[in-house]
file coords-v1.cif (mmCIF, C-alpha atoms)
data_coords
#
loop_
_atom_site.label_atom_id
_atom_site.label_comp_id
_atom_site.auth_asym_id
_atom_site.auth_seq_id
_atom_site.Cartn_x
_atom_site.Cartn_y
_atom_site.Cartn_z
CA MET A 163 -44.57 35.24 15.67
CA GLY A 164 -40.94 35.66 16.55
CA LYS A 165 -41.58 34.42 20.06
CA ARG A 166 -43.34 31.35 18.83
CA ARG A 167 -40.49 30.36 16.52
CA SER A 168 -37.88 30.74 19.24
CA GLN A 169 -39.94 28.53 21.52
CA GLY A 170 -40.22 25.77 18.98
CA SER A 171 -36.55 25.93 18.00
CA GLY A 172 -35.74 23.05 20.34
CA GLN A 173 -37.31 20.71 17.85
CA ASP A 174 -36.32 22.19 14.56
CA LEU A 175 -32.59 22.73 14.71
CA ASP A 176 -31.28 24.43 11.63
CA MET A 177 -29.26 21.58 10.15
CA THR A 178 -28.49 23.21 6.83
CA ALA A 179 -24.90 24.10 7.65
CA ALA A 180 -24.17 20.71 9.21
CA MET A 181 -25.75 18.95 6.25
CA ASN A 182 -23.68 20.96 3.83
CA LEU A 183 -20.55 20.03 5.68
CA ILE A 184 -21.39 16.35 5.85
CA LEU A 185 -22.52 16.14 2.25
CA ILE A 186 -19.22 17.63 1.11
CA LEU A 187 -17.06 15.59 3.48
CA ILE A 188 -18.55 12.25 2.50
CA PRO A 189 -17.81 12.42 -1.25
CA LEU A 190 -14.39 13.84 -0.44
CA LEU A 191 -13.51 10.96 1.87
CA LEU A 192 -15.08 8.41 -0.45
CA THR A 193 -12.98 9.58 -3.38
CA SER A 194 -9.79 9.81 -1.35
CA MET A 195 -10.39 6.39 0.18
CA GLU A 196 -8.34 3.91 -1.74
CA SER A 197 -10.35 1.38 -3.60
CA VAL A 198 -7.24 -0.79 -3.58
CA LYS A 199 -5.94 -2.62 -0.57
CA ILE A 200 -2.24 -2.16 0.09
CA ALA A 201 -0.19 -5.10 1.27
CA VAL A 202 3.53 -5.38 1.87
CA VAL A 203 6.22 -7.94 1.16
CA ASN A 204 9.06 -8.16 3.65
CA VAL A 205 12.54 -8.14 2.18
CA ALA A 206 15.92 -8.15 3.88
CA THR A 207 18.92 -6.08 2.89
CA PRO A 208 20.95 -7.25 -0.05
CA GLN A 209 24.35 -8.54 0.88
CA ILE A 210 26.09 -5.60 -0.72
CA GLY A 211 25.21 -3.46 2.30
CA PRO A 212 27.57 -3.61 5.28
CA SER A 213 24.72 -4.01 7.76
CA SER A 214 23.87 -7.52 6.58
CA GLU A 215 27.49 -8.54 6.83
CA ALA A 216 27.70 -7.13 10.32
CA ASN A 217 24.52 -8.91 11.45
CA PRO A 218 24.07 -12.22 9.68
CA PRO A 219 20.55 -13.57 10.09
CA ALA A 220 20.33 -15.52 13.32
CA ASP A 221 18.15 -18.23 11.79
CA ARG A 222 20.74 -19.19 9.21
CA PRO A 223 21.47 -22.85 9.85
CA ASP A 224 25.09 -23.76 10.31
CA ASP A 225 24.87 -27.12 8.65
CA LYS A 226 25.10 -26.72 4.90
CA PRO A 227 22.69 -23.94 4.17
CA LEU A 228 20.51 -24.53 1.15
CA LYS A 229 21.39 -21.09 -0.23
CA LEU A 230 18.56 -21.21 -2.68
CA THR A 231 19.17 -18.50 -5.25
CA VAL A 232 16.89 -17.50 -8.08
CA ALA A 233 18.49 -15.34 -10.75
CA LEU A 234 16.47 -13.58 -13.43
CA THR A 235 18.09 -12.93 -16.75
CA ASP A 236 16.68 -11.91 -20.08
CA ARG A 237 16.74 -15.54 -21.22
CA GLY A 238 15.04 -17.09 -18.24
CA ILE A 239 15.37 -18.09 -14.62
CA THR A 240 18.45 -19.78 -13.22
CA VAL A 241 18.08 -21.61 -9.92
CA PHE A 242 21.12 -22.25 -7.72
CA VAL A 243 21.13 -24.63 -4.78
CA ARG A 244 24.21 -24.78 -2.53
CA ASP A 245 26.06 -22.74 -5.16
CA GLN A 246 25.27 -25.35 -7.84
CA VAL A 247 23.12 -24.54 -10.84
CA ILE A 248 20.13 -26.76 -11.37
CA GLU A 249 20.80 -27.67 -14.96
CA ASN A 250 18.33 -27.65 -17.74
CA LYS A 251 18.58 -31.03 -19.48
CA ASP A 252 17.81 -29.62 -22.89
CA ASP A 253 20.22 -26.70 -22.59
CA PRO A 254 22.98 -27.37 -20.04
CA LEU A 255 24.63 -23.99 -20.56
CA GLY A 256 21.43 -21.94 -20.52
CA PRO A 257 19.22 -20.95 -17.61
CA THR A 258 17.35 -23.58 -15.59
CA ILE A 259 14.01 -22.41 -16.89
CA LEU A 260 13.83 -20.80 -20.29
CA LYS A 261 11.34 -18.09 -21.05
CA ILE A 262 8.22 -19.28 -22.79
CA ASP A 263 5.82 -17.69 -25.24
CA GLY A 264 3.03 -15.95 -23.48
CA GLN A 265 1.29 -12.66 -23.00
CA GLU A 266 2.05 -9.74 -20.79
CA GLU A 267 0.94 -6.18 -20.20
CA ASP A 268 2.89 -3.50 -22.01
CA ALA A 269 3.40 0.04 -20.73
CA GLU A 270 -0.14 1.03 -21.72
CA GLY A 271 -1.70 -1.97 -20.01
CA LYS A 272 -2.51 -3.82 -23.25
CA MET A 273 -1.83 -7.54 -23.51
CA VAL A 274 0.85 -8.28 -26.07
CA ASP A 275 2.68 -11.43 -27.10
CA ALA A 276 6.01 -11.68 -25.41
CA LYS A 277 8.52 -14.08 -23.95
CA VAL A 278 7.60 -14.50 -20.31
CA TYR A 279 9.10 -16.26 -17.31
CA ASP A 280 7.77 -19.76 -16.82
CA ILE A 281 6.41 -19.26 -13.32
CA ASP A 282 4.60 -22.61 -13.15
CA LYS A 283 7.80 -24.52 -13.77
CA LEU A 284 9.64 -22.42 -11.19
CA VAL A 285 6.95 -23.17 -8.60
CA GLU A 286 7.29 -26.87 -9.41
CA ILE A 287 11.07 -26.84 -8.84
CA ILE A 288 10.83 -24.66 -5.73
CA SER A 289 8.07 -26.85 -4.32
CA ASP A 290 10.22 -29.97 -4.74
CA LEU A 291 13.11 -28.17 -3.04
CA LYS A 292 10.82 -27.27 -0.16
CA ASP A 293 9.78 -30.91 0.24
CA ALA A 294 13.45 -31.90 0.40
CA ASN A 295 14.30 -29.08 2.86
CA PRO A 296 11.19 -28.40 4.93
CA ALA A 297 12.98 -26.26 7.53
CA GLU A 298 14.52 -23.87 5.03
CA GLU A 299 12.71 -20.56 4.53
CA ASN A 300 15.27 -18.26 2.97
CA ILE A 301 15.55 -17.44 -0.68
CA ILE A 302 17.95 -15.11 -2.42
CA ILE A 303 16.62 -13.33 -5.45
CA THR A 304 18.87 -11.55 -7.87
CA ALA A 305 18.46 -10.16 -11.34
CA GLU A 306 20.10 -8.37 -14.20
CA PRO A 307 20.29 -4.59 -13.81
CA ASN A 308 17.56 -3.92 -16.36
CA THR A 309 15.08 -6.49 -15.04
CA LYS A 310 11.84 -4.75 -14.19
CA TYR A 311 10.60 -4.60 -10.61
CA LYS A 312 7.27 -6.24 -11.54
CA TYR A 313 9.07 -9.48 -12.46
CA ILE A 314 10.88 -9.47 -9.12
CA MET A 315 7.53 -9.12 -7.41
CA LYS A 316 6.10 -11.96 -9.50
CA ILE A 317 8.97 -14.23 -8.53
CA MET A 318 8.59 -13.29 -4.87
CA ASP A 319 4.89 -14.13 -5.07
CA ALA A 320 5.57 -17.44 -6.77
CA THR A 321 8.23 -18.52 -4.28
CA ARG A 322 6.38 -17.37 -1.15
CA GLU A 323 3.58 -19.89 -1.21
CA LYS A 324 1.89 -22.35 -3.46
CA LYS A 325 -1.84 -22.64 -3.78
CA ASP A 326 -3.03 -26.17 -4.20
CA GLY A 327 -6.75 -25.80 -4.50
CA GLU A 328 -7.85 -24.79 -1.00
CA LYS A 329 -4.57 -25.77 0.61
CA LYS A 330 -1.75 -23.29 0.87
CA LYS A 331 1.80 -24.45 1.11
CA THR A 332 4.40 -22.04 2.42
CA LEU A 333 7.56 -22.22 0.35
CA PHE A 334 10.31 -19.69 1.00
CA PRO A 335 8.87 -16.50 2.52
CA ASN A 336 12.13 -14.90 3.73
CA VAL A 337 13.41 -12.98 0.74
CA VAL A 338 16.86 -11.49 0.49
CA LEU A 339 17.50 -9.34 -2.53
CA SER A 340 21.06 -9.62 -3.68
CA ALA A 341 23.15 -7.35 -5.85
CA GLY A 342 22.52 -7.47 -9.55
CA ILE A 343 24.32 -9.75 -11.95
CA ALA A 344 26.94 -7.78 -13.78
CA MET B 1116 -49.49 28.56 21.96
CA ALA B 1117 -51.06 31.03 24.35
CA GLU B 1118 -53.93 31.64 21.97
CA GLU B 1119 -54.58 27.96 21.51
CA ASN B 1120 -54.61 27.36 25.26
CA LYS B 1121 -57.16 30.09 25.57
CA THR B 1122 -59.36 28.34 23.08
CA TYR B 1123 -59.25 25.14 25.06
CA GLU B 1124 -59.68 26.88 28.41
CA TYR B 1125 -62.84 28.71 27.66
CA LEU B 1126 -64.30 26.13 25.34
CA PRO B 1127 -66.63 28.35 23.41
CA GLU B 1128 -69.75 26.82 21.94
CA ASN B 1129 -68.34 26.60 18.48
CA TYR B 1130 -65.07 25.08 19.71
CA GLU B 1131 -65.24 22.14 17.37
CA GLU B 1132 -65.48 24.45 14.44
CA GLU B 1133 -62.61 26.49 15.81
CA ILE B 1134 -60.43 23.44 16.18
CA LEU B 1135 -61.24 22.29 12.67
CA LYS B 1136 -60.44 25.74 11.43
CA SER B 1137 -57.14 25.89 13.26
CA ARG B 1138 -56.25 22.41 12.03
CA LYS B 1139 -56.96 23.44 8.49
CA LYS B 1140 -54.87 26.52 9.02
CA SER B 1141 -51.97 24.60 10.42
CA LYS B 1142 -52.19 22.13 7.58
CA THR B 1143 -52.02 24.80 4.96
CA GLY B 1144 -49.21 26.43 6.91
CA ARG B 1145 -47.27 23.22 7.00
CA GLU B 1146 -47.71 22.76 3.31
CA SER B 1147 -46.35 26.16 2.46
CA ALA B 1148 -43.34 25.58 4.71
CA GLY B 1149 -42.97 21.95 3.66
CA GLY B 1150 -39.59 22.56 2.04
CA GLN B 1151 -38.11 23.63 5.34
CA LYS B 1152 -39.66 21.16 7.70
CA LEU B 1153 -38.53 17.94 6.02
CA ASN B 1154 -37.76 15.28 8.59
CA ILE B 1155 -34.08 14.56 8.04
CA ASN B 1156 -33.30 12.85 11.33
CA SER B 1157 -32.78 9.38 9.89
CA LEU B 1158 -30.83 10.78 6.97
CA MET B 1159 -28.58 12.62 9.40
CA ASP B 1160 -28.07 9.39 11.33
CA ILE B 1161 -26.94 7.58 8.21
CA LEU B 1162 -24.68 10.39 7.11
CA THR B 1163 -23.10 10.80 10.53
CA ILE B 1164 -22.36 7.08 10.77
CA MET B 1165 -20.88 7.11 7.26
CA LEU B 1166 -18.77 10.13 8.10
CA VAL B 1167 -17.37 8.56 11.25
CA PHE B 1168 -16.68 5.30 9.43
CA LEU B 1169 -14.91 7.04 6.56
CA LEU B 1170 -12.84 9.22 8.86
CA LYS B 1171 -11.82 6.17 10.84
CA SER B 1172 -10.75 4.17 7.79
CA TYR B 1173 -8.97 7.25 6.45
CA ALA B 1174 -6.95 7.78 9.60
CA THR B 1175 -5.83 4.20 10.19
CA ASP B 1176 -4.02 3.69 6.89
CA PRO B 1177 -0.32 4.04 7.70
CA VAL B 1178 0.84 4.08 4.10
CA ASN B 1179 -0.95 6.51 1.85
CA ILE B 1180 -0.28 5.74 -1.78
CA THR B 1181 -1.81 7.58 -4.67
CA PRO B 1182 -1.31 5.50 -7.79
CA GLY B 1183 -1.18 7.41 -11.03
CA PRO B 1184 0.59 7.39 -14.36
CA ASP B 1185 3.83 8.25 -12.57
CA LEU B 1186 3.49 5.55 -9.94
CA ASP B 1187 1.99 2.20 -10.87
CA ILE B 1188 2.77 -0.30 -8.14
CA PRO B 1189 2.75 -4.04 -8.83
CA LYS B 1190 0.18 -6.54 -7.62
CA SER B 1191 0.93 -9.26 -5.13
CA THR B 1192 -0.82 -12.05 -3.29
CA SER B 1193 0.78 -10.98 0.00
CA LEU B 1194 -1.47 -10.55 3.02
CA LEU B 1195 0.91 -8.64 5.28
CA GLN B 1196 -0.36 -5.32 6.57
CA PRO B 1197 1.64 -2.15 5.98
CA ALA B 1198 3.20 -0.49 9.02
CA ALA B 1199 4.00 3.11 9.89
CA THR B 1200 7.63 3.45 8.83
CA VAL B 1201 9.77 5.77 6.79
CA THR B 1202 8.47 5.56 3.22
CA VAL B 1203 10.66 5.75 0.15
CA THR B 1204 8.67 6.19 -3.04
CA VAL B 1205 10.38 5.54 -6.34
CA ALA B 1206 8.17 6.85 -9.12
CA LYS B 1207 8.94 7.09 -12.83
CA SER B 1208 10.21 10.67 -12.48
CA SER B 1209 11.37 11.13 -8.90
CA ILE B 1210 12.37 9.63 -5.58
CA VAL B 1211 10.35 10.83 -2.62
CA VAL B 1212 11.07 10.28 1.09
CA ASP B 1213 8.06 10.80 3.36
CA ASN B 1214 6.36 13.10 0.84
CA GLU B 1215 9.52 15.19 0.33
CA PRO B 1216 11.01 14.89 -3.18
CA VAL B 1217 14.74 14.25 -3.01
CA THR B 1218 15.99 13.56 -6.52
CA VAL B 1219 14.98 13.15 -10.13
CA VAL B 1220 14.75 9.82 -11.96
CA LYS B 1221 15.12 9.68 -15.72
CA ASP B 1222 14.62 6.49 -17.74
CA GLY B 1223 14.92 4.44 -14.57
CA LYS B 1224 18.23 6.02 -13.63
CA VAL B 1225 19.47 8.60 -11.16
CA GLU B 1226 21.86 11.13 -12.66
CA ALA B 1227 25.53 10.30 -12.12
CA SER B 1228 26.10 13.70 -10.47
CA GLN B 1229 23.67 12.70 -7.71
CA LYS B 1230 25.67 9.61 -6.86
CA ARG B 1231 28.88 9.29 -4.92
CA GLY B 1232 31.38 7.81 -7.32
CA GLY B 1233 29.70 8.46 -10.64
CA GLU B 1234 27.64 6.33 -13.02
CA ASP B 1235 28.43 2.89 -11.59
CA ALA B 1236 28.03 3.85 -7.94
CA TYR B 1237 25.21 2.66 -5.72
CA PHE B 1238 25.19 5.55 -3.25
CA ILE B 1239 22.53 8.20 -4.04
CA ILE B 1240 23.66 11.25 -2.05
CA PRO B 1241 20.39 13.25 -1.64
CA LEU B 1242 18.43 10.09 -0.84
CA ASN B 1243 20.92 9.14 1.87
CA LYS B 1244 20.76 12.64 3.32
CA ALA B 1245 16.97 12.55 3.52
CA LEU B 1246 16.99 9.08 5.07
CA VAL B 1247 19.62 9.98 7.66
CA GLU B 1248 17.48 12.98 8.61
CA ALA B 1249 14.43 10.72 8.88
CA VAL B 1250 16.36 8.33 11.12
CA GLU B 1251 17.55 11.19 13.33
CA LYS B 1252 13.97 12.39 13.65
CA LYS B 1253 12.87 8.91 14.69
CA ARG B 1254 15.71 8.65 17.19
CA ARG B 1255 14.75 12.00 18.75
CA LEU B 1256 11.16 10.76 19.01
CA GLU B 1257 12.43 7.53 20.51
CA ALA B 1258 14.26 9.47 23.23
CA ILE B 1259 11.10 11.34 24.23
CA ASN B 1260 8.48 8.69 23.62
CA PRO B 1261 9.40 5.13 24.65
CA THR B 1262 6.56 3.62 22.61
CA VAL B 1263 8.25 4.74 19.40
CA LYS B 1264 10.94 2.31 18.36
CA PHE B 1265 13.27 2.69 15.44
CA ASP B 1266 13.74 -0.82 14.08
CA GLY B 1267 15.48 -0.10 10.79
CA VAL B 1268 12.47 -0.87 8.64
CA ALA B 1269 11.57 1.21 5.61
CA THR B 1270 8.61 0.88 3.28
CA ILE B 1271 9.50 1.02 -0.39
CA VAL B 1272 6.80 2.02 -2.83
CA MET B 1273 8.06 1.49 -6.33
CA ASP B 1274 6.78 1.78 -9.86
CA LYS B 1275 6.58 -1.63 -11.48
CA GLU B 1276 8.70 -0.63 -14.47
CA THR B 1277 11.65 0.35 -12.27
CA PRO B 1278 14.82 -1.53 -13.25
CA TYR B 1279 16.44 -3.82 -10.69
CA ARG B 1280 19.55 -1.69 -10.74
CA LEU B 1281 17.74 1.33 -9.29
CA LEU B 1282 16.10 -0.90 -6.69
CA THR B 1283 19.49 -2.13 -5.49
CA GLU B 1284 20.80 1.44 -5.46
CA VAL B 1285 17.89 2.58 -3.30
CA MET B 1286 18.30 -0.41 -0.97
CA TYR B 1287 22.05 0.08 -0.70
CA THR B 1288 21.64 3.79 0.07
CA ALA B 1289 18.99 3.00 2.67
CA GLY B 1290 21.31 0.35 4.10
CA GLN B 1291 23.91 3.07 4.60
CA ALA B 1292 21.33 5.01 6.62
CA GLU B 1293 20.81 2.10 9.06
CA PHE B 1294 17.85 0.50 7.32
CA SER B 1295 18.23 -3.26 7.18
CA ASN B 1296 14.73 -4.48 6.42
CA PHE B 1297 12.28 -3.38 3.82
CA LYS B 1298 8.61 -3.65 3.18
CA PHE B 1299 7.69 -3.48 -0.48
CA ALA B 1300 4.25 -2.00 -0.89
CA THR B 1301 2.02 -3.74 -3.39
CA ILE B 1302 -1.62 -3.83 -4.37
CA SER B 1303 -3.14 -6.82 -2.65
CA THR B 1304 -4.94 -9.23 -4.93
CA ALA B 1305 -5.59 -11.76 -2.19
CA GLY B 1306 -9.10 -12.19 -0.84
#
call {"tool": "encode", "arguments": {"input": "coords-v1.cif", "output": "structure tokens"}}
result
Amino acid sequence: MGKRRSQGSGQDLDMTAAMNLILILIPLLLTSMESVKIAVVNVATPQIGPSSEANPPADRPDDKPLKLTVALTDRGITVFVRDQVIENKDDPLGPTILKIDGQEEDAEGKMVDAKVYDIDKLVEIISDLKDANPAEENIIITAEPNTKYKYIMKIMDATREKKDGEKKKTLFPNVVLSAGIA
Amino acid sequence: MAEENKTYEYLPENYEEEILKSRKKSKTGRESAGGQKLNINSLMDILTIMLVFLLKSYATDPVNITPGPDLDIPKSTSLLQPAATVTVTVAKSSIVVDNEPVTVVKDGKVEASQKRGGEDAYFIIPLNKALVEAVEKKRRLEAINPTVKFDGVATIVMDKETPYRLLTEVMYTAGQAEFSNFKFATISTAG
């Protein structure tokens, strides 16, 4: 009997151990595999660091840079172009784009009524600026110290490109984060 | 085997009966051992392919982020792929450099004692120390292995509730450690 089994062992490999290993490894890898895809957004150093002063970006045009700056405050978004504020006709002293009523996620992920940044209007203004300055790609983003990171990311998304149906229009993809507004 | 060969060699008169008998025997034998002799070849094929695929996708991810209640990273429409760089993670409770915790964060702030110059300073001392060490490590690698290049890029993984102030502090401190460009890790919502 023993002889017979050893002869036939070429066909019937004992796979139990290998199967155990594989069956454990697969769920382990499946659970550790991220169901989310990670992407990155490139950002340059804020101008408070000495490195950016030492090496100014080479692509900065010499002739009147646009110096598009978007500042986030608790009242809304202020857009500067060539150090001039784009004024809001209804409120010349306030931010360019006032916050509007909307909904946003709170800390627990529930949607609550809140004042939110008017992203659509910002995209409209930025898009017009891009049409007027097609070669310009830099944008400076700054914010108040207590502005949350998620809003910065939202603004970066909004100013990077505009989706017009199927067409995508690149706006200002080179982001520089500047020091906070005091 | 030897016995069976014998049967066929001599071909006794009742060989058909013998064969039937042996077949019956083998059938019953197979049935009793059926649990062991399952054909799992195709199953093994599938599992092996899955295993290789999973291992491959596991190994190629340069940035390994485990989102949780302490670290909830924002969503973005960006399509840029993450790269293998020094990673600074700013969670709700701590700052971590390449999986090594460096300092504690409380209410979106680093304690004044951890900063050079007190409350209003930008320079976070332990973070700078860890980053300078990481840069030195990269430079040593660069000296040995010419394919490794230190290009001053750091990946920042940050909780979405982090205040802008802490972000600028982290970027300033990293700037002091020769980092000039940053990649902000986000959850991709594109595609």
call {"tool": "atom_distance", "arguments": {"input": "coords-v1.cif", "atom1": "atom CA of Leu1166 of chain B", "atom2": "atom CA of Leu190 of chain A"}}
result
10.3 Å
call {"tool": "resolve_selection", "arguments": {"input": "coords-v1.cif", "expression": "the PyMOL selection byres ((chain B) within 7 of (chain A))", "output": "MDAnalysis selection string"}}
result
chainID B and resid 1162 1166 1169 1173 1189 1191:1197 1275:1280 1283 1286:1287 1290 1295:1303
call {"tool": "closest_residue", "arguments": {"input": "coords-v1.cif", "among": "A:Gly327, A:Gly271, A:Gly264, A:Pro335", "to": "Ile302 of chain A", "atoms": "all atoms listed in the file"}}
result
A:Pro335
call {"tool": "atom_distance", "arguments": {"input": "coords-v1.cif", "atom1": "atom CA of Ile248 of chain A", "atom2": "atom CA of Lys329 of chain A"}}
result
27.5 Å
call {"tool": "atom_distance", "arguments": {"input": "coords-v1.cif", "atom1": "atom CA of Asp280 of chain A", "atom2": "atom CA of Ala1305 of chain B"}}
result
21.4 Å
call {"tool": "residues_around", "arguments": {"input": "coords-v1.cif", "residues": "Asp326 of chain A", "least_positions_apart": "5", "cutoff": "12 Å", "atoms": "all atoms listed in the file", "output": "list of chain:residue names"}}
result
A:Val285, A:Glu286, A:Ser289, A:Lys331, A:Thr332
call {"tool": "residues_around", "arguments": {"input": "coords-v1.cif", "residues": "segment 1236-1238 of chain B", "least_positions_apart": "6", "cutoff": "6 Å", "atoms": "only C-alpha atoms", "output": "PyMOL selection string"}}
result
chain B and resi 1230+1284+1288
call {"tool": "axis_aligned_box", "arguments": {"input": "coords-v1.cif", "around": "segment 1271-1279 of chain B", "padding_each_side": "4 Å", "output": "lines of an AutoDock Vina configuration file"}}
result
center_x = 11.5
center_y = -0.9
center_z = -7.4
size_x = 17.9
size_y = 13.8
size_z = 22.1
call {"tool": "decode", "arguments": {"input": "coords-v1.cif", "residues": "segment 1292-1303 of chain B", "atoms": "N, CA and C atoms", "output": "PDB file, in the first residue's frame"}}
result
ATOM      1  N   ALA B1292      14.680  72.489   5.247  1.00  0.00           N
ATOM      2  CA  ALA B1292      15.424  71.235   5.087  1.00  0.00           C
ATOM      3  C   ALA B1292      15.611  70.911   3.601  1.00  0.00           C
ATOM      4  N   GLU B1293      15.683  71.935   2.767  1.00  0.00           N
ATOM      5  CA  GLU B1293      15.991  71.825   1.339  1.00  0.00           C
ATOM      6  C   GLU B1293      14.860  71.288   0.473  1.00  0.00           C
ATOM      7  N   PHE B1294      13.650  71.240   0.993  1.00  0.00           N
ATOM      8  CA  PHE B1294      12.538  70.824   0.143  1.00  0.00           C
ATOM      9  C   PHE B1294      11.913  72.066  -0.475  1.00  0.00           C
ATOM     10  N   SER B1295      11.789  72.061  -1.795  1.00  0.00           N
ATOM     11  CA  SER B1295      11.239  73.249  -2.446  1.00  0.00           C
ATOM     12  C   SER B1295       9.947  72.957  -3.185  1.00  0.00           C
ATOM     13  N   ASN B1296       9.670  71.691  -3.431  1.00  0.00           N
ATOM     14  CA  ASN B1296       8.420  71.360  -4.112  1.00  0.00           C
ATOM     15  C   ASN B1296       7.679  70.283  -3.336  1.00  0.00           C
ATOM     16  N   PHE B1297       6.367  70.371  -3.415  1.00  0.00           N
ATOM     17  CA  PHE B1297       5.554  69.466  -2.628  1.00  0.00           C
ATOM     18  C   PHE B1297       4.508  68.794  -3.493  1.00  0.00           C
ATOM     19  N   LYS B1298       4.194  67.587  -3.083  1.00  0.00           N
ATOM     20  CA  LYS B1298       3.085  66.879  -3.714  1.00  0.00           C
ATOM     21  C   LYS B1298       2.057  66.644  -2.621  1.00  0.00           C
ATOM     22  N   PHE B1299       0.886  67.184  -2.791  1.00  0.00           N
ATOM     23  CA  PHE B1299      -0.166  66.987  -1.794  1.00  0.00           C
ATOM     24  C   PHE B1299      -0.979  65.758  -2.178  1.00  0.00           C
ATOM     25  N   ALA B1300      -0.962  64.770  -1.325  1.00  0.00           N
ATOM     26  CA  ALA B1300      -1.692  63.554  -1.625  1.00  0.00           C
ATOM     27  C   ALA B1300      -3.183  63.754  -1.401  1.00  0.00           C
ATOM     28  N   THR B1301      -3.965  63.275  -2.351  1.00  0.00           N
ATOM     29  CA  THR B1301      -5.419  63.391  -2.237  1.00  0.00           C
ATOM     30  C   THR B1301      -6.055  62.091  -2.715  1.00  0.00           C
ATOM     31  N   ILE B1302      -7.323  61.948  -2.426  1.00  0.00           N
ATOM     32  CA  ILE B1302      -8.067  60.819  -2.983  1.00  0.00           C
ATOM     33  C   ILE B1302      -8.576  61.245  -4.345  1.00  0.00           C
ATOM     34  N   SER B1303      -8.235  60.470  -5.341  1.00  0.00           N
ATOM     35  CA  SER B1303      -8.604  60.848  -6.710  1.00  0.00           C
ATOM     36  C   SER B1303     -10.077  60.548  -6.965  1.00  0.00           C
TER      37      SER B1303
END
